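A.B. asks: Got a structure for you, target-v6.cif, holding mmCIF, C-alpha atoms.
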```
data_structure
loop_
_atom_site.label_atom_id
_atom_site.label_comp_id
_atom_site.auth_asym_id
_atom_site.auth_seq_id
_atom_site.Cartn_x
_atom_site.Cartn_y
_atom_site.Cartn_z
CA MET A 122 44.74 -24.50 86.14
CA ARG A 123 47.17 -24.14 83.25
CA SER A 124 46.17 -24.21 79.63
CA GLY A 125 48.05 -24.24 76.34
CA PRO A 126 50.13 -21.46 74.87
CA GLN A 127 47.17 -20.11 72.90
CA ALA A 128 45.09 -19.34 75.99
CA ALA A 129 42.82 -16.35 75.42
CA ASP A 130 43.78 -13.02 76.97
CA GLY A 131 40.76 -13.08 79.26
CA GLU A 132 41.69 -16.48 80.63
CA ILE A 133 45.23 -15.35 81.38
CA VAL A 134 44.05 -12.12 83.02
CA ARG A 135 41.70 -14.07 85.28
CA ALA A 136 44.46 -16.54 86.18
CA VAL A 137 46.85 -13.71 87.08
CA LEU A 138 44.19 -12.05 89.21
CA ALA A 139 43.65 -15.39 90.96
CA GLY A 140 47.33 -15.45 91.96
CA ASP A 141 49.18 -17.08 89.05
CA ARG A 142 51.46 -14.07 88.53
CA GLU A 143 53.92 -15.82 86.24
CA ARG A 144 51.32 -16.22 83.53
CA TYR A 145 51.47 -12.47 83.04
CA ALA A 146 54.67 -13.14 81.09
CA ARG A 147 52.52 -14.74 78.37
CA LEU A 148 50.65 -11.49 77.83
CA VAL A 149 53.88 -9.48 77.77
CA GLU A 150 55.42 -11.83 75.20
CA ARG A 151 52.29 -11.80 73.13
CA TYR A 152 52.06 -8.03 72.77
CA ARG A 153 55.46 -6.46 73.44
CA ASP A 154 56.69 -6.55 69.82
CA ARG A 155 53.35 -5.55 68.37
CA TYR A 156 53.53 -2.26 70.27
CA ALA A 157 57.31 -1.77 70.21
CA ARG A 158 57.15 -0.10 66.82
CA TYR A 159 54.26 2.18 67.83
CA ALA A 160 56.17 3.30 70.95
CA ALA A 161 59.44 3.74 69.03
CA ARG A 162 57.83 5.92 66.37
CA MET A 163 55.90 7.93 68.95
CA LEU A 164 58.95 8.57 71.12
CA GLY A 165 61.60 8.68 68.40
CA SER A 166 63.90 6.30 70.26
CA ALA A 167 64.08 2.54 70.66
CA ASP A 168 65.51 2.89 74.18
CA ALA A 169 62.72 5.20 75.29
CA ALA A 170 60.21 2.84 73.70
CA GLU A 171 61.56 -0.13 75.66
CA ASP A 172 61.30 1.82 78.91
CA ALA A 173 57.77 2.92 78.04
CA LEU A 174 56.69 -0.63 77.24
CA GLN A 175 58.14 -1.93 80.48
CA ASP A 176 56.44 0.78 82.55
CA ALA A 177 53.14 0.26 80.75
CA PHE A 178 53.14 -3.49 81.36
CA VAL A 179 54.04 -3.03 85.04
CA ARG A 180 51.33 -0.39 85.40
CA ALA A 181 48.82 -2.66 83.66
CA PHE A 182 49.71 -5.46 86.08
CA ASP A 183 49.15 -3.12 89.04
CA GLN A 184 45.76 -2.05 87.71
CA LEU A 185 44.70 -5.40 86.27
CA ALA A 186 41.67 -5.65 88.54
CA GLN A 187 40.36 -2.48 86.87
CA CYS A 188 40.41 -4.06 83.41
CA LYS A 189 36.64 -4.26 82.90
CA ASP A 190 36.80 -6.53 79.86
CA PRO A 191 39.63 -9.05 80.32
CA ASP A 192 38.98 -10.42 76.83
CA ASN A 193 39.94 -7.00 75.48
CA PHE A 194 43.07 -6.72 77.58
CA ILE A 195 45.01 -5.38 74.63
CA GLY A 196 42.64 -2.48 73.93
CA TRP A 197 42.90 -1.49 77.58
CA PHE A 198 46.67 -1.95 77.64
CA PHE A 199 47.09 0.19 74.52
CA LEU A 200 45.52 3.17 76.31
CA ILE A 201 47.96 2.76 79.21
CA LEU A 202 50.92 2.64 76.81
CA ARG A 203 49.54 5.62 74.90
CA ASN A 204 49.28 7.71 78.08
CA ARG A 205 52.82 6.74 78.96
CA CYS A 206 54.10 7.78 75.52
CA PHE A 207 52.30 11.12 75.64
CA ALA A 208 53.64 11.85 79.14
CA GLU A 209 57.16 10.92 78.08
CA ARG A 210 57.02 13.25 75.09
CA ARG A 211 55.92 16.13 77.31
CA ARG A 212 58.88 15.48 79.62
CA ASN A 213 61.61 14.90 77.09
CA ARG A 214 60.91 16.63 73.80
CA THR A 215 64.34 17.78 72.65
CA SER A 216 66.44 14.70 73.28
CA ALA A 217 63.86 12.47 71.61
CA SER A 218 64.29 14.36 68.35
CA LEU A 219 68.02 13.84 68.49
CA ASP A 220 67.55 10.16 69.30
CA ALA A 221 65.18 9.85 66.35
CA ALA A 222 67.83 11.11 63.98
CA ASN A 223 70.46 8.86 65.50
CA ASP A 224 68.25 5.75 65.42
CA VAL A 225 67.49 6.22 61.74
CA ALA A 226 71.12 7.13 61.01
CA ALA A 227 72.13 3.79 62.54
CA GLU A 228 69.80 1.98 60.13
CA ASP A 229 71.35 3.88 57.19
CA ARG A 230 74.62 2.06 57.55
CA THR A 231 73.03 -1.31 56.93
CA ASP A 232 70.58 -0.25 54.30
CA GLY A 233 72.52 0.84 51.27
CA GLY A 234 70.26 3.34 49.51
CA ALA A 235 71.64 6.63 50.77
CA GLU A 236 68.95 8.78 49.23
CA SER A 237 65.99 6.79 50.53
CA ALA A 238 67.72 6.47 53.90
CA GLU A 239 68.15 10.23 54.02
CA ARG A 240 64.47 10.65 53.18
CA ARG A 241 63.49 8.22 55.95
CA ARG A 242 65.68 10.07 58.40
CA ALA A 243 64.18 13.40 57.39
CA LEU A 244 60.65 12.02 57.72
CA GLN A 245 61.36 10.60 61.16
CA LEU A 246 62.67 13.97 62.31
CA ALA A 247 59.68 15.74 60.79
CA LEU A 248 57.31 13.33 62.57
CA MET A 249 58.81 14.41 65.87
CA GLU A 250 57.82 17.99 65.05
CA LEU A 251 54.13 17.07 64.83
CA THR A 252 51.92 17.35 67.88
CA PRO A 253 51.56 13.98 69.66
CA ASP A 254 47.94 13.74 68.47
CA GLN A 255 48.94 14.31 64.86
CA ARG A 256 51.92 11.95 65.10
CA GLU A 257 49.79 9.23 66.65
CA VAL A 258 47.20 9.18 63.91
CA PHE A 259 49.96 9.20 61.27
CA VAL A 260 51.79 6.32 62.99
CA LEU A 261 48.66 4.23 63.47
CA LYS A 262 47.55 4.66 59.86
CA HIS A 263 50.78 4.73 57.88
CA VAL A 264 53.14 2.70 60.09
CA GLU A 265 50.75 0.25 61.75
CA GLY A 266 48.43 0.10 58.72
CA LEU A 267 45.14 0.61 60.59
CA SER A 268 42.09 2.08 58.87
CA TYR A 269 40.47 5.28 60.10
CA ASN A 270 37.59 3.23 61.47
CA GLU A 271 39.94 1.00 63.44
CA ILE A 272 41.83 3.99 64.83
CA ALA A 273 38.56 5.72 65.76
CA GLU A 274 37.44 2.64 67.65
CA ARG A 275 40.75 2.28 69.44
CA LEU A 276 40.92 5.93 70.51
CA SER A 277 37.17 6.35 71.09
CA THR A 278 36.93 9.25 68.68
CA SER A 279 35.33 10.03 65.31
CA VAL A 280 36.70 9.50 61.82
CA PRO A 281 36.20 13.18 60.76
CA SER A 282 38.19 14.32 63.80
CA LEU A 283 41.00 11.89 62.93
CA LYS A 284 41.04 13.05 59.31
CA MET A 285 41.31 16.66 60.41
CA ARG A 286 44.35 15.78 62.55
CA MET A 287 45.88 13.75 59.76
CA HIS A 288 45.39 16.41 57.10
CA ARG A 289 47.09 18.98 59.31
CA ALA A 290 49.90 16.49 59.78
CA TYR A 291 50.26 16.09 55.99
CA ASP A 292 50.60 19.85 55.55
CA LYS A 293 53.10 20.15 58.36
CA LEU A 294 55.18 17.28 56.98
CA ARG A 295 55.14 18.83 53.53
CA GLU A 296 56.38 22.10 55.00
CA GLN A 297 59.12 20.30 56.96
CA LEU A 298 60.15 18.14 54.01
CA ARG A 299 59.87 20.62 51.15
CA ASP A 300 63.50 19.92 50.20
CA HIS A 301 62.97 16.14 50.15
CA THR A 302 59.74 15.60 48.17
CA MET B 190 45.54 27.68 50.54
CA SER B 191 49.24 28.36 51.12
CA GLY B 192 51.95 26.86 48.93
CA HIS B 193 52.89 24.43 51.67
CA GLU B 194 49.51 22.74 51.93
CA PHE B 195 48.54 19.70 49.92
CA HIS B 196 45.51 20.02 47.68
CA PRO B 197 42.45 18.34 49.30
CA LEU B 198 42.43 15.75 46.53
CA VAL B 199 46.07 14.92 47.23
CA LYS B 200 45.16 14.41 50.89
CA GLN B 201 42.50 11.96 49.76
CA LEU B 202 45.23 10.22 47.75
CA LEU B 203 47.41 9.97 50.87
CA ASP B 204 44.44 8.63 52.82
CA GLY B 205 44.06 5.90 50.21
CA ASP B 206 40.56 7.06 49.21
CA ILE B 207 41.55 7.68 45.57
CA THR B 208 44.43 6.68 43.28
CA LEU B 209 46.92 8.75 41.34
CA ALA B 210 44.90 8.13 38.17
CA ASP B 211 41.90 9.82 39.79
CA LEU B 212 43.78 13.12 40.09
CA PRO B 213 43.44 15.75 37.38
CA PRO B 214 46.65 16.02 35.33
CA GLU B 215 47.71 19.32 36.93
CA LEU B 216 47.80 17.62 40.37
CA ARG B 217 49.67 14.46 39.35
CA GLY B 218 53.10 15.94 40.12
CA GLU B 219 51.99 16.99 43.59
CA GLY B 220 50.40 13.58 44.06
CA GLU B 221 53.60 11.77 43.12
CA ALA B 222 55.64 13.92 45.52
CA ALA B 223 53.12 13.15 48.28
CA LEU B 224 53.39 9.42 47.63
CA ARG B 225 57.20 9.65 47.79
CA LEU B 226 56.76 11.11 51.26
CA LEU B 227 54.69 8.11 52.33
CA ALA B 228 57.19 5.73 50.73
CA ALA B 229 59.79 7.00 53.20
CA VAL B 230 57.76 5.76 56.18
CA ASP B 231 59.82 3.28 58.16
CA ARG B 232 57.66 0.21 58.81
CA THR B 233 60.49 -2.05 59.98
CA ASP B 234 59.36 -4.50 62.66
CA ILE B 235 60.96 -3.96 66.04
CA SER B 236 61.51 -6.76 68.52
CA MET B 237 62.14 -6.13 72.20
CA PRO B 238 62.61 -9.55 73.84
CA ALA B 239 64.17 -8.02 76.96
CA VAL B 240 60.86 -6.39 77.89
CA THR B 241 59.41 -9.67 79.20
CA TRP B 242 62.42 -10.24 81.40
CA ARG B 243 62.45 -6.65 82.63
CA VAL B 244 58.72 -6.62 83.47
CA MET B 245 58.69 -9.94 85.30
CA THR B 246 61.87 -9.13 87.22
CA THR B 247 60.43 -5.78 88.30
CA LEU B 248 57.25 -7.43 89.53
CA GLU B 249 59.10 -10.16 91.38
CA ARG B 250 61.62 -7.83 92.98
CA ARG B 251 58.88 -5.55 94.20
CA ARG B 252 56.92 -8.47 95.65
CA ARG B 253 59.94 -9.71 97.58
CA ARG B 254 60.77 -6.27 98.91
CA PHE B 255 57.21 -5.84 100.10
CA LEU B 256 56.98 -9.30 101.65
CA PRO B 257 58.68 -8.78 105.03
CA TRP B 258 56.51 -5.78 105.78
CA LEU B 259 53.41 -7.65 104.80
CA LEU B 260 54.21 -10.67 106.96
CA ALA B 261 55.61 -9.05 110.06
CA PRO B 262 54.55 -5.44 110.63
CA ALA B 263 54.50 -5.92 114.39
CA LEU B 264 58.01 -7.33 114.35
CA ALA B 265 59.19 -4.39 112.29
CA ILE B 266 57.70 -1.90 114.74
CA ALA B 267 59.26 -3.74 117.66
CA ALA B 268 62.63 -3.78 115.93
CA ALA B 269 62.38 -0.07 115.22
CA LEU B 270 61.61 0.61 118.90
CA VAL B 271 64.60 -1.42 120.04
CA ILE B 272 66.84 0.51 117.70
CA LEU B 273 65.45 3.83 118.89
CA LEU B 274 65.71 3.04 122.61
CA ARG B 275 69.17 1.49 122.65
CA PRO B 276 72.36 3.52 122.49
CA THR B 277 74.02 3.11 119.10
CA PRO B 278 76.80 0.49 119.31
CA PRO B 279 79.94 0.91 117.25
CA ALA B 280 79.47 -0.60 113.80
CA PRO B 281 81.12 -4.03 113.66
CA THR B 282 83.43 -4.77 110.79
CA ALA B 283 81.65 -7.56 108.91
CA ALA B 284 83.83 -10.45 107.75
CA LEU B 285 83.64 -11.07 104.02
CA VAL B 286 83.39 -14.52 102.48
CA THR B 287 83.82 -15.45 98.83
CA VAL B 288 81.14 -17.84 97.55
CA ARG B 289 80.63 -19.56 94.22
CA PHE B 290 77.04 -20.05 93.06
CA VAL B 291 76.43 -22.86 90.56
CA LEU B 292 73.32 -23.87 88.64
CA VAL B 293 73.01 -26.52 85.95
CA ALA B 294 70.53 -25.21 83.38
CA PRO B 295 71.40 -26.51 79.87
CA ASP B 296 68.38 -24.93 78.19
CA ALA B 297 68.66 -21.50 79.80
CA LYS B 298 69.60 -18.47 77.72
CA GLN B 299 70.24 -16.29 80.74
CA VAL B 300 70.64 -16.93 84.47
CA SER B 301 71.06 -14.41 87.26
CA LEU B 302 70.96 -14.23 91.04
CA ALA B 303 68.48 -12.26 93.08
CA GLY B 304 68.68 -12.13 96.82
CA THR B 305 68.86 -10.16 100.01
CA PHE B 306 72.42 -9.16 99.07
CA ASN B 307 71.33 -7.29 95.92
CA GLN B 308 67.85 -6.12 96.95
CA TRP B 309 66.33 -8.95 94.88
CA ASP B 310 67.42 -7.18 91.73
CA ALA B 311 67.79 -9.89 89.09
CA GLN B 312 69.52 -7.53 86.67
CA VAL B 313 72.70 -6.84 88.60
CA THR B 314 74.20 -10.28 89.27
CA PRO B 315 74.29 -12.42 86.12
CA LEU B 316 75.78 -15.90 86.07
CA VAL B 317 78.19 -16.90 83.32
CA ARG B 318 77.80 -20.08 81.29
CA THR B 319 80.92 -22.21 81.57
CA GLY B 320 81.50 -24.35 78.50
CA ALA B 321 78.75 -26.17 76.67
CA THR B 322 77.59 -28.30 79.60
CA GLY B 323 74.91 -25.93 80.79
CA VAL B 324 76.72 -25.04 84.00
CA TRP B 325 76.23 -21.43 85.09
CA THR B 326 78.39 -19.85 87.79
CA ALA B 327 78.93 -16.59 89.62
CA THR B 328 81.46 -15.81 92.33
CA LEU B 329 80.51 -13.19 94.91
CA THR B 330 82.09 -11.78 98.04
CA LEU B 331 79.41 -11.40 100.69
CA PRO B 332 79.36 -10.31 104.34
CA ALA B 333 79.18 -13.11 106.90
CA GLY B 334 75.66 -13.86 108.05
CA GLN B 335 72.53 -15.33 106.55
CA HIS B 336 71.40 -14.55 103.00
CA GLN B 337 68.32 -15.62 101.05
CA TYR B 338 68.35 -15.90 97.29
CA ALA B 339 67.02 -17.57 94.16
CA PHE B 340 68.24 -18.13 90.63
CA VAL B 341 66.32 -16.30 87.90
CA VAL B 342 66.25 -18.29 84.67
CA ASP B 343 65.54 -16.40 81.45
CA GLY B 344 64.21 -13.52 83.46
CA VAL B 345 60.92 -15.15 84.38
CA ARG B 346 61.50 -18.41 86.25
CA TRP B 347 62.63 -18.12 89.87
CA VAL B 348 64.17 -21.36 91.05
CA PRO B 349 65.73 -22.20 94.42
CA ASP B 350 69.29 -23.51 94.57
CA PRO B 351 69.04 -27.35 94.47
CA GLY B 352 72.24 -27.52 96.53
CA ALA B 353 71.12 -25.36 99.44
CA PRO B 354 68.44 -25.46 102.15
CA ALA B 355 65.35 -23.40 101.43
CA VAL B 356 62.60 -21.65 103.36
CA ASP B 357 59.05 -20.81 102.36
CA ASP B 358 58.69 -17.17 101.35
CA GLY B 359 55.14 -17.05 102.69
CA PHE B 360 53.61 -17.03 99.19
CA GLY B 361 54.14 -20.64 98.25
CA ARG B 362 57.64 -20.31 96.84
CA ARG B 363 61.03 -21.29 98.19
CA ASN B 364 64.00 -19.05 98.86
CA SER B 365 67.39 -20.69 99.24
CA VAL B 366 69.31 -19.92 102.41
CA LEU B 367 73.06 -19.40 102.64
CA THR B 368 74.72 -19.02 106.03
CA LEU B 369 78.28 -17.71 106.03
#
```
Represent the structure from my file as structure tokens, please.
C.D. replies:
Amino acid sequence: MRSGPQAADGEIVRAVLAGDRERYARLVERYRDRYARYAARMLGSADAAEDALQDAFVRAFDQLAQCKDPDNFIGWFFLILRNRCFAERRRNRTSASLDAANDVAAEDRTDGGAESAERRRALQLALMELTPDQREVFVLKHVEGLSYNEIAERLSTSVPSLKMRMHRAYDKLREQLRDHT
Amino acid sequence: MSGHEFHPLVKQLLDGDITLADLPPELRGEGEAALRLLAAVDRTDISMPAVTWRVMTTLERRRRRFLPWLLAPALAIAAALVILLRPTPPAPTAALVTVRFVLVAPDAKQVSLAGTFNQWDAQVTPLVRTGATGVWTATLTLPAGQHQYAFVVDGVRWVPDPGAPAVDDGFGRRNSVLTL
């Protein structure tokens, strides 16, 4: 059975599990851009983010039968992407920092404001010096705009623990950016 | 507290729990510097349209690679035994034939070929749109023999060649067959 373009995630997941593999493309289209920015900021490179997204969606397809709540496919998928991003950072720390600088430098050329562009570039580099846990909470709150409660729910952790991570991140960023603030 | 740590109230400012006006005057400068740091956060949207194509092509290619082993494990074992038991013949020099593949797909943004000749990899053999008529073509030089293939439209839709015979792939889809 096929339904309209606004079919719920759970309906699509069940259809894919029943053999309609092509409908998985709907889920990929629906969520790829939403998480592209998260992956790019976590990994410091748009290319690495694209690879991570692809791997995460393929892995999610392989494990789709283990998605206990098909209506919350995206919460489950986010954890797969997150694991992939953390593993990638462990493997490839140095080159990601260089890519981060280059990616932001590329934006500078089209942006105009040299000073703010330089500050953005410096911040992106400083973000890559945070631990992945610290960077993640910073990205989810200040790039993705989630509240502490939403982040806590997504990562199955507590708000005080997130705030502790974030406050350490603030101090580390201040130290890294003392010439830019 | 070291000189490189924000004051706890400034951290509350960064968290959005209080405003700059809530800070005592002696912390306003530090608060403003902290807010400048947040203002440098890059929130530009990022779009990655190729991800859909890459994911679906990976899944399809893997399925097709797996298919022969799923359908005919006994045949594969038998073939392996024949190869092992027979003396190795000299490798024949395969004749090469140049073939032009054509698909009319006016609405397509991207068309490629996936088949036995490229390990069902839809990323390596793109077709080129010729003019504005929606005709897509690719010219390949292939070894003589039988090949199976399909066109991949926009990375997600696998369609058999309307101008060639086709066989069932065992999973309800059709592969085109080209005999050279």
A.B. asks: Here's the selection I'm unsure about, the PyMOL selection byres ((chain A) within 7 of (chain B)); applied to the file above, which residues does it give, as a ChimeraX atom specification?
C.D. replies: /A:146,149-150,153-154,157-158,171,175,178-179,237,240-241,244,264,288,292,295-296,302
A.B. asks: Quick one: residues within 10 Å of B:Ala294, all atoms listed in the file, excluding same-chain residues fewer than 3 positions away - as an mmCIF file with C-alpha atoms, in the frame of the given file?
C.D. replies:
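And here's result-v2.cif as it stands now:
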```
data_model
loop_
_atom_site.group_PDB
_atom_site.id
_atom_site.type_symbol
_atom_site.label_atom_id
_atom_site.label_comp_id
_atom_site.auth_asym_id
_atom_site.auth_seq_id
_atom_site.Cartn_x
_atom_site.Cartn_y
_atom_site.Cartn_z
ATOM 1 C CA VAL B 291 76.430 -22.860 90.560
ATOM 2 C CA ALA B 297 68.660 -21.500 79.800
ATOM 3 C CA LYS B 298 69.600 -18.470 77.720
ATOM 4 C CA GLN B 299 70.240 -16.290 80.740
ATOM 5 C CA VAL B 300 70.640 -16.930 84.470
ATOM 6 C CA ARG B 318 77.800 -20.080 81.290
ATOM 7 C CA THR B 322 77.590 -28.300 79.600
ATOM 8 C CA GLY B 323 74.910 -25.930 80.790
ATOM 9 C CA VAL B 324 76.720 -25.040 84.000
ATOM 10 C CA TRP B 325 76.230 -21.430 85.090
ATOM 11 C CA VAL B 342 66.250 -18.290 84.670
#
```
A.B. asks: Expressed in Å to a single decimal, how great is the separation between atom CA of B:Ala284 and atom CA of B:Arg251?
C.D. replies: 28.8 Å
A.B. asks: Output the residue selection produced by the PyMOL selection byres ((chain B and resi 369) around 9) on the file above, formatted as a ChimeraX atom specification.
C.D. replies: /B:285-286,288,331-336,367-368
A.B. asks: Step by step, work through what the PyMOL selection byres ((chain B and resi 364) around 8) selects in the shown file, and finish by giving those residues as a ChimeraX atom specification.
C.D. replies: /B:337-339,349,355-358,362-363,365-366
A.B. asks: Report, as lines of an AutoDock Vina configuration file, the centre and edge lengths in Å (one decimal) of the axis-aligned box enclosing every listed atom of stretch 294-313 of chain B, padded by 3 Å on each side.
C.D. replies:
```
center_x = 69.5
center_y = -16.3
center_z = 88.9
size_x = 12.4
size_y = 26.4
size_z = 28.3
```
A.B. asks: Which distance in Å separates atom CA of A:Val258 and atom CA of A:Met287, to one decimal?
C.D. replies: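 Separating atom CA of A:Val258 from atom CA of A:Met287 is a distance of 6.3 Å.
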A.B. asks: Give me, please, the distance in Å between atom CA of A:Gln245 and atom CA of A:Ala181, quoted to one decimal.
C.D. replies: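 Atom-to-atom, atom CA of A:Gln245 to atom CA of A:Ala181, that is 29.0 Å.
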A.B. asks: Go through B:Leu202, B:Pro315, B:Leu329, B:Asp343 one by one, measure the shortest atom-to-atom distance of each to B:Asp296 using only C-alpha atoms, and give the residue with the smallest value.
C.D. replies: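 Nearest candidate to B:Asp296 out of B:Leu202, B:Pro315, B:Leu329, B:Asp343: B:Asp343.
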A.B. asks: From the set A:Leu246, A:Leu148, A:Ile272, A:Ala170, which residue has the shortest atom-to-atom contact distance to A:Cys206, counting only C-alpha atoms?
C.D. replies: A:Ala170
A.B. asks: List as a PyMOL selection string the protein and nucleic acid residues near A:Glu271, meaning an atom at most 10 Å away when only C-alpha atoms are counted, but skip any in the same chain fewer than 4 places from it.
C.D. replies: chain A and resi 261-262+266-267+275-277+280
A.B. asks: Just want the 9 Å neighbourhood of A:Ala273, counted on only C-alpha atoms, with same-chain residues fewer than 6 positions away dropped. Output as a ChimeraX atom specification.
C.D. replies: /A:279-280,282-283
A.B. asks: Need the neighbours of (45.9, 15.0, 61.0): which residues are at most 8 Å away, counting all atoms listed in the file, as a ChimeraX atom specification?
C.D. replies: /A:254-256,258-259,283-291
A.B. asks: Which is closer to A:Gly196 than all the others in A:Arg151, A:Glu274, A:Glu257, A:Arg299, using all atoms listed in the file?
C.D. replies: A:Glu274
